[in-house]
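Enquirer: Have a look at the structure that comes next, please.
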Number of protein chains: 2
Amino acid sequence: MQNSQLLTRNSQLTLYALPGIPDVRAGDDVAQLIIDALARAQLALADGDVVVVTHKIVSKAEGCAVKLADVAPSPEAQALAAATDKDPRLVEVILRGSRGVVRQREGTLIMETRHGWICANAGVDRSNVSGPEGDVALTLPVDPDASARRIRERLMAATGADVAVIITDTHGRAWRLGTVNVALGVAGMLPIADLRGKPDMFGYTLRVTTVARADELAAAAGLVTGQAAEGLPVVLIRGADYPRGDGRATDMQRPIEKDLFR
Amino acid sequence: MQNSQLLTRNSQLTLYALPGIPDVRAGDDVAQLIIDALARAQLALADGDVVVVTHKIVSKAEGCAVKLADVAPSPEAQALAAATDKDPRLVEVILRGSRGVVRQREGTLIMETRHGWICANAGVDRSNVSGPEGDVALTLPVDPDASARRIRERLMAATGADVAVIITDTHGRAWRLGTVNVALGVAGMLPIADLRGKPDMFGYTLRVTTVARADELAAAAGLVTGQAAEGLPVVLIRGADYPRGDGRATDMQRPIEKDLFR
């Protein structure tokens, strides 16, 4: 895939949060909502644009909302809930979406998700989900890379533009407070820009060889994505330098044998 | 400081990498170089702008380059260098800038820096440093928050604009491959946007309560900062929503008692 990298350099970059994306429900067509929002914002997609989508609207559209009243916690979930002072039904949903517990402490569950991401509560969230069915937990999409590919195909078919799509979540970090937006799914790009072997301006070979471009794009989108009442779940990034290709966000997962902190 | 937060919402954000910053040498005036670069780019600083500066030019200006030929490795540095297959003189420089080793493995040294950051090689870098004096290591600025404050004061005195300044480095992450740009120093802002207690669009209190705004801004700047031969170490971000105040990047350091991964 390295041969397909297109490392054009740009010195200006613009992010637009698309207004007017409505509350998303199961079965909704996220790609069409984005196409409609672009039209309302009078923005035409262009080759090289990146469309960054908060996973919440993808999860909702894909029916990832779980009614907690319907969840029967397993004995394992009940024990873990008691140890961490969490709702056993929520812990049951977290366990179903996980390969295992990475760290636990009162109030905190750091999990490895089924996809291989290390994050709090396996990305399961009670925020921004509601409805007449009562308390609801929202899980991550089953395959965020596949979700990104489906959205990208629809956007390209509708507009003809060769764009990248990124699906994001907000993650905490091991040693830094505060969350940042990261990429859980990508399409039309490689998540990592490989600078190996490139000389720097003094002819040294670069020590920093790989840059998590998809995560930088996700973090940038986080600057204009309303976390709260505003609700701006889709961001268009224009002018970004990223390696094109058929990559997966999971390409960014550090292999367990190179993990010093698990 | 929370009262001084200004959480204006913007839906468009623009980043400009400033061209023409020359190679920086010890004693150079980084603030003046930025003022000159802004003038060349015909950009006038405005209230709320964020100026993001790669630490390398700050370190060089502050004389943080260490001539390796002059470094006498201690027995501790020699032992650690042997265990990790690194240059003993480089390891000596790393140890001088560190509180201690967090993880070590052949080829890898994860350190806690004197400032309290967890990162590879305590941020000491051989890349992008050269000169007639031979092999040189570049350390982090002694106090990046103070460096950011000095640059901010100069920019505000010269332009009258109330701007924030961020000094960055590229860090690896525990579980994700590829580096991202992060904030090591800030001025004129709080690094973390505190959303605690804010209701989301359905009235839930937000689970994600604090956002590492300084790191999101740093990561965004990383998209237009040339890592390699281009050399674009200063980025102007216009239209960002960040909490103003007299914060420190070190406010983002997770206290050891809340650290599950050290």
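Note on naming: chains are A, B, ... as they come in the structure tokens, residues start from 1 per chain, ligands start from 1 in the order shown.
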Could you do a least-squares fit of chain A on chain B over every C-alpha atom, in sequence order, and give the output as a CSV table (one decimal) with C-alpha atoms, in the first residue's frame?
Expert:
chain,number,residue,atom,x,y,z
A,1,MET,CA,-9.8,29.5,36.4
A,2,GLN,CA,-13.1,27.9,35.2
A,3,ASN,CA,-14.9,31.3,35.3
A,4,SER,CA,-12.5,32.6,32.6
A,5,GLN,CA,-13.5,30.0,30.1
A,6,LEU,CA,-14.9,31.5,27.0
A,7,LEU,CA,-16.7,28.7,25.2
A,8,THR,CA,-17.8,30.4,22.0
A,9,ARG,CA,-18.8,27.9,19.4
A,10,ASN,CA,-17.5,28.1,15.9
A,11,SER,CA,-18.3,25.8,13.0
A,12,GLN,CA,-15.3,26.7,10.8
A,13,LEU,CA,-11.6,26.6,11.6
A,14,THR,CA,-8.6,27.3,9.5
A,15,LEU,CA,-4.9,26.4,9.9
A,16,TYR,CA,-2.1,28.2,8.2
A,17,ALA,CA,1.5,26.9,8.3
A,18,LEU,CA,3.8,29.9,8.2
A,19,PRO,CA,6.4,29.7,5.4
A,20,GLY,CA,9.9,30.9,5.6
A,21,ILE,CA,10.9,30.3,9.2
A,22,PRO,CA,14.7,29.9,8.8
A,23,ASP,CA,17.0,27.5,10.6
A,24,VAL,CA,17.0,28.5,14.2
A,25,ARG,CA,20.2,28.9,16.2
A,26,ALA,CA,21.0,29.4,19.9
A,27,GLY,CA,20.0,32.9,21.0
A,28,ASP,CA,17.6,33.5,18.1
A,29,ASP,CA,14.4,35.4,18.9
A,30,VAL,CA,11.6,32.9,18.1
A,31,ALA,CA,8.8,35.5,18.7
A,32,GLN,CA,10.4,37.8,16.2
A,33,LEU,CA,10.8,35.1,13.7
A,34,ILE,CA,7.0,34.4,14.1
A,35,ILE,CA,6.2,38.1,13.8
A,36,ASP,CA,8.3,38.3,10.6
A,37,ALA,CA,6.7,35.1,9.2
A,38,LEU,CA,3.2,36.4,9.8
A,39,ALA,CA,4.1,39.7,8.0
A,40,ARG,CA,5.5,37.8,5.0
A,41,ALA,CA,2.3,35.6,4.9
A,42,GLN,CA,0.3,38.8,5.2
A,43,LEU,CA,-1.6,37.5,8.2
A,44,ALA,CA,-2.5,39.8,11.1
A,45,LEU,CA,-3.0,38.1,14.4
A,46,ALA,CA,-6.5,38.4,15.8
A,47,ASP,CA,-8.0,37.9,19.2
A,48,GLY,CA,-8.6,34.1,19.8
A,49,ASP,CA,-6.0,33.0,17.3
A,50,VAL,CA,-3.7,30.1,18.5
A,51,VAL,CA,-0.1,30.0,17.5
A,52,VAL,CA,1.3,26.5,17.6
A,53,VAL,CA,5.1,26.2,17.7
A,54,THR,CA,7.1,23.0,17.2
A,55,HIS,CA,9.4,22.7,20.3
A,56,LYS,CA,12.5,22.1,18.2
A,57,ILE,CA,12.9,25.7,17.2
A,58,VAL,CA,12.3,26.8,20.8
A,59,SER,CA,14.8,24.3,22.1
A,60,LYS,CA,17.4,25.4,19.5
A,61,ALA,CA,16.8,29.1,20.4
A,62,GLU,CA,17.1,28.3,24.1
A,63,GLY,CA,20.4,26.5,23.6
A,64,CYS,CA,19.2,23.0,24.3
A,65,ALA,CA,21.6,21.4,21.8
A,66,VAL,CA,24.1,19.2,23.5
A,67,LYS,CA,27.3,18.2,21.6
A,68,LEU,CA,27.6,14.5,22.2
A,69,ALA,CA,31.4,14.5,21.9
A,70,ASP,CA,31.4,16.5,25.2
A,71,VAL,CA,29.2,14.1,27.1
A,72,ALA,CA,30.8,11.7,29.6
A,73,PRO,CA,28.3,8.9,30.3
A,74,SER,CA,27.8,7.9,33.9
A,75,PRO,CA,28.0,4.2,34.9
A,76,GLU,CA,24.2,4.3,35.1
A,77,ALA,CA,23.9,5.7,31.5
A,78,GLN,CA,26.4,3.1,30.3
A,79,ALA,CA,24.5,0.2,31.8
A,80,LEU,CA,21.1,1.5,30.5
A,81,ALA,CA,22.7,2.1,27.0
A,82,ALA,CA,24.0,-1.5,27.0
A,83,ALA,CA,20.6,-2.9,28.0
A,84,THR,CA,18.7,-0.9,25.3
A,85,ASP,CA,21.3,-0.9,22.6
A,86,LYS,CA,21.6,2.9,22.5
A,87,ASP,CA,24.5,5.4,22.4
A,88,PRO,CA,25.7,5.9,26.0
A,89,ARG,CA,26.2,9.6,25.5
A,90,LEU,CA,22.7,10.0,24.2
A,91,VAL,CA,21.4,8.0,27.2
A,92,GLU,CA,23.3,10.3,29.5
A,93,VAL,CA,21.6,13.3,28.0
A,94,ILE,CA,18.2,11.5,28.3
A,95,LEU,CA,18.8,10.6,32.0
A,96,ARG,CA,19.8,14.2,32.8
A,97,GLY,CA,16.4,15.3,31.5
A,98,SER,CA,14.4,12.6,33.3
A,99,ARG,CA,12.9,11.7,36.7
A,100,GLY,CA,13.2,8.1,35.8
A,101,VAL,CA,12.7,5.1,33.5
A,102,VAL,CA,9.1,4.0,32.9
A,103,ARG,CA,9.8,1.1,30.5
A,104,GLN,CA,12.9,-0.1,28.8
A,105,ARG,CA,13.5,-2.7,26.1
A,106,GLU,CA,16.0,-3.1,23.3
A,107,GLY,CA,15.8,0.1,21.2
A,108,THR,CA,13.2,1.7,23.4
A,109,LEU,CA,13.4,3.9,26.5
A,110,ILE,CA,10.1,5.3,27.8
A,111,MET,CA,11.0,8.0,30.4
A,112,GLU,CA,9.3,10.4,32.7
A,113,THR,CA,10.8,13.8,31.9
A,114,ARG,CA,11.8,16.3,34.5
A,115,HIS,CA,8.6,18.2,33.5
A,116,GLY,CA,6.5,15.0,34.2
A,117,TRP,CA,5.8,14.0,30.6
A,118,ILE,CA,5.9,10.3,29.8
A,119,CYS,CA,7.6,9.8,26.4
A,120,ALA,CA,10.3,8.0,24.4
A,121,ASN,CA,13.8,9.2,25.1
A,122,ALA,CA,12.6,12.0,27.4
A,123,GLY,CA,11.9,13.9,24.1
A,124,VAL,CA,15.7,14.0,23.3
A,125,ASP,CA,16.1,14.0,19.6
A,126,ARG,CA,19.0,13.8,17.1
A,127,SER,CA,16.9,14.7,14.2
A,128,ASN,CA,16.8,18.2,12.7
A,129,VAL,CA,19.9,19.3,14.6
A,130,SER,CA,23.2,19.8,12.9
A,131,GLY,CA,26.2,22.0,12.8
A,132,PRO,CA,30.0,22.1,12.5
A,133,GLU,CA,30.2,20.7,16.1
A,134,GLY,CA,29.3,17.2,15.0
A,135,ASP,CA,26.7,14.9,16.5
A,136,VAL,CA,24.2,16.9,18.6
A,137,ALA,CA,21.3,15.9,20.7
A,138,LEU,CA,18.4,18.3,21.2
A,139,THR,CA,16.6,18.3,24.6
A,140,LEU,CA,13.2,19.7,25.4
A,141,PRO,CA,13.0,23.3,26.6
A,142,VAL,CA,13.6,23.6,30.4
A,143,ASP,CA,10.1,25.0,31.0
A,144,PRO,CA,7.9,24.8,27.9
A,145,ASP,CA,5.0,26.6,29.7
A,146,ALA,CA,7.4,29.5,30.5
A,147,SER,CA,8.7,29.5,26.9
A,148,ALA,CA,5.1,29.7,25.6
A,149,ARG,CA,4.3,32.6,28.0
A,150,ARG,CA,7.4,34.5,26.8
A,151,ILE,CA,6.4,34.1,23.1
A,152,ARG,CA,2.8,35.0,23.9
A,153,GLU,CA,3.8,38.2,25.7
A,154,ARG,CA,6.0,39.3,22.7
A,155,LEU,CA,3.2,38.5,20.2
A,156,MET,CA,0.7,40.4,22.2
A,157,ALA,CA,3.0,43.4,22.6
A,158,ALA,CA,3.7,43.5,18.9
A,159,THR,CA,0.2,42.9,17.6
A,160,GLY,CA,-2.2,43.8,20.4
A,161,ALA,CA,-4.1,40.6,19.8
A,162,ASP,CA,-5.1,38.3,22.7
A,163,VAL,CA,-3.7,35.0,21.4
A,164,ALA,CA,-2.9,31.6,22.8
A,165,VAL,CA,0.5,29.9,22.3
A,166,ILE,CA,1.2,26.2,22.3
A,167,ILE,CA,4.6,24.4,22.2
A,168,THR,CA,4.4,20.9,20.8
A,169,ASP,CA,6.3,17.6,20.5
A,170,THR,CA,5.3,14.4,18.7
A,171,HIS,CA,4.6,11.5,21.0
A,172,GLY,CA,3.9,7.8,20.6
A,173,ARG,CA,1.0,6.3,22.4
A,174,ALA,CA,0.7,3.2,24.6
A,175,TRP,CA,-1.7,1.2,22.4
A,176,ARG,CA,-1.9,3.0,19.1
A,177,LEU,CA,0.9,3.0,16.4
A,178,GLY,CA,2.1,6.3,14.9
A,179,THR,CA,2.9,9.5,16.6
A,180,VAL,CA,0.6,12.5,17.2
A,181,ASN,CA,1.6,16.1,18.0
A,182,VAL,CA,0.8,17.0,21.7
A,183,ALA,CA,1.1,20.1,23.8
A,184,LEU,CA,4.1,20.5,26.1
A,185,GLY,CA,3.6,24.1,26.9
A,186,VAL,CA,0.6,26.5,26.7
A,187,ALA,CA,0.0,30.2,27.4
A,188,GLY,CA,-3.2,32.2,27.3
A,189,MET,CA,-5.5,29.2,27.5
A,190,LEU,CA,-6.5,26.3,29.8
A,191,PRO,CA,-5.3,23.1,28.2
A,192,ILE,CA,-8.5,21.2,29.2
A,193,ALA,CA,-12.0,22.3,28.3
A,194,ASP,CA,-14.2,21.4,31.2
A,195,LEU,CA,-17.7,20.3,30.0
A,196,ARG,CA,-18.7,18.8,33.4
A,197,GLY,CA,-22.3,19.3,34.2
A,198,LYS,CA,-23.2,20.4,30.6
A,199,PRO,CA,-26.3,18.6,29.4
A,200,ASP,CA,-26.1,16.9,26.0
A,201,MET,CA,-28.9,17.3,23.5
A,202,PHE,CA,-31.1,14.9,25.3
A,203,GLY,CA,-30.5,16.3,28.8
A,204,TYR,CA,-28.1,13.6,29.9
A,205,THR,CA,-25.1,14.9,31.8
A,206,LEU,CA,-22.1,14.3,29.7
A,207,ARG,CA,-20.0,11.2,30.5
A,208,VAL,CA,-17.0,12.7,28.6
A,209,THR,CA,-16.5,15.7,30.8
A,210,THR,CA,-13.1,17.0,30.0
A,211,VAL,CA,-11.5,17.5,26.5
A,212,ALA,CA,-7.8,18.0,26.0
A,213,ARG,CA,-8.2,21.0,23.9
A,214,ALA,CA,-4.5,21.9,23.8
A,215,ASP,CA,-3.7,18.4,22.5
A,216,GLU,CA,-6.4,18.6,19.9
A,217,LEU,CA,-5.0,21.9,18.7
A,218,ALA,CA,-1.5,20.4,18.7
A,219,ALA,CA,-2.6,17.4,16.7
A,220,ALA,CA,-4.4,19.6,14.2
A,221,ALA,CA,-1.3,21.7,13.7
A,222,GLY,CA,0.6,18.4,13.1
A,223,LEU,CA,-1.4,18.0,9.9
A,224,VAL,CA,0.3,21.0,8.3
A,225,THR,CA,3.6,21.0,10.1
A,226,GLY,CA,6.2,19.6,7.8
A,227,GLN,CA,8.0,16.8,9.7
A,228,ALA,CA,10.6,16.5,7.0
A,229,ALA,CA,12.5,18.7,4.6
A,230,GLU,CA,9.8,21.3,4.3
A,231,GLY,CA,10.3,22.7,7.8
A,232,LEU,CA,7.1,24.5,8.7
A,233,PRO,CA,7.4,24.7,12.5
A,234,VAL,CA,4.8,27.4,13.2
A,235,VAL,CA,1.1,27.1,12.6
A,236,LEU,CA,-1.6,29.7,13.0
A,237,ILE,CA,-5.1,28.3,14.0
A,238,ARG,CA,-8.0,30.7,13.5
A,239,GLY,CA,-11.6,30.0,14.6
A,240,ALA,CA,-10.8,27.5,17.4
A,241,ASP,CA,-13.0,27.2,20.5
A,242,TYR,CA,-10.7,27.0,23.5
A,243,PRO,CA,-11.0,28.1,27.2
A,244,ARG,CA,-9.0,31.2,27.9
A,245,GLY,CA,-7.1,31.6,31.1
A,246,ASP,CA,-3.7,31.3,32.6
A,247,GLY,CA,-3.2,27.5,32.3
A,248,ARG,CA,-0.2,25.3,32.1
A,249,ALA,CA,0.3,22.2,29.8
A,250,THR,CA,1.4,20.4,33.0
A,251,ASP,CA,-2.2,20.7,34.1
A,252,MET,CA,-2.8,17.8,31.7
A,253,GLN,CA,-0.4,15.4,33.5
A,254,ARG,CA,-2.3,12.6,35.1
A,255,PRO,CA,-1.5,12.4,38.8
A,256,ILE,CA,0.5,9.2,39.7
A,257,GLU,CA,-2.3,8.1,42.1
A,258,LYS,CA,-4.7,8.1,39.1
A,259,ASP,CA,-2.3,6.4,36.7
A,260,LEU,CA,-3.2,2.8,36.0
A,261,PHE,CA,-0.4,2.2,33.5
A,262,ARG,CA,2.9,3.2,35.1
Enquirer: Would you list, as a ChimeraX atom specification, the residues of stretch 98-185 of chain B that end up in helix (DSSP H, G or I) under DSSP run on this structure's backbone?
Expert: /B:121-123,144-159
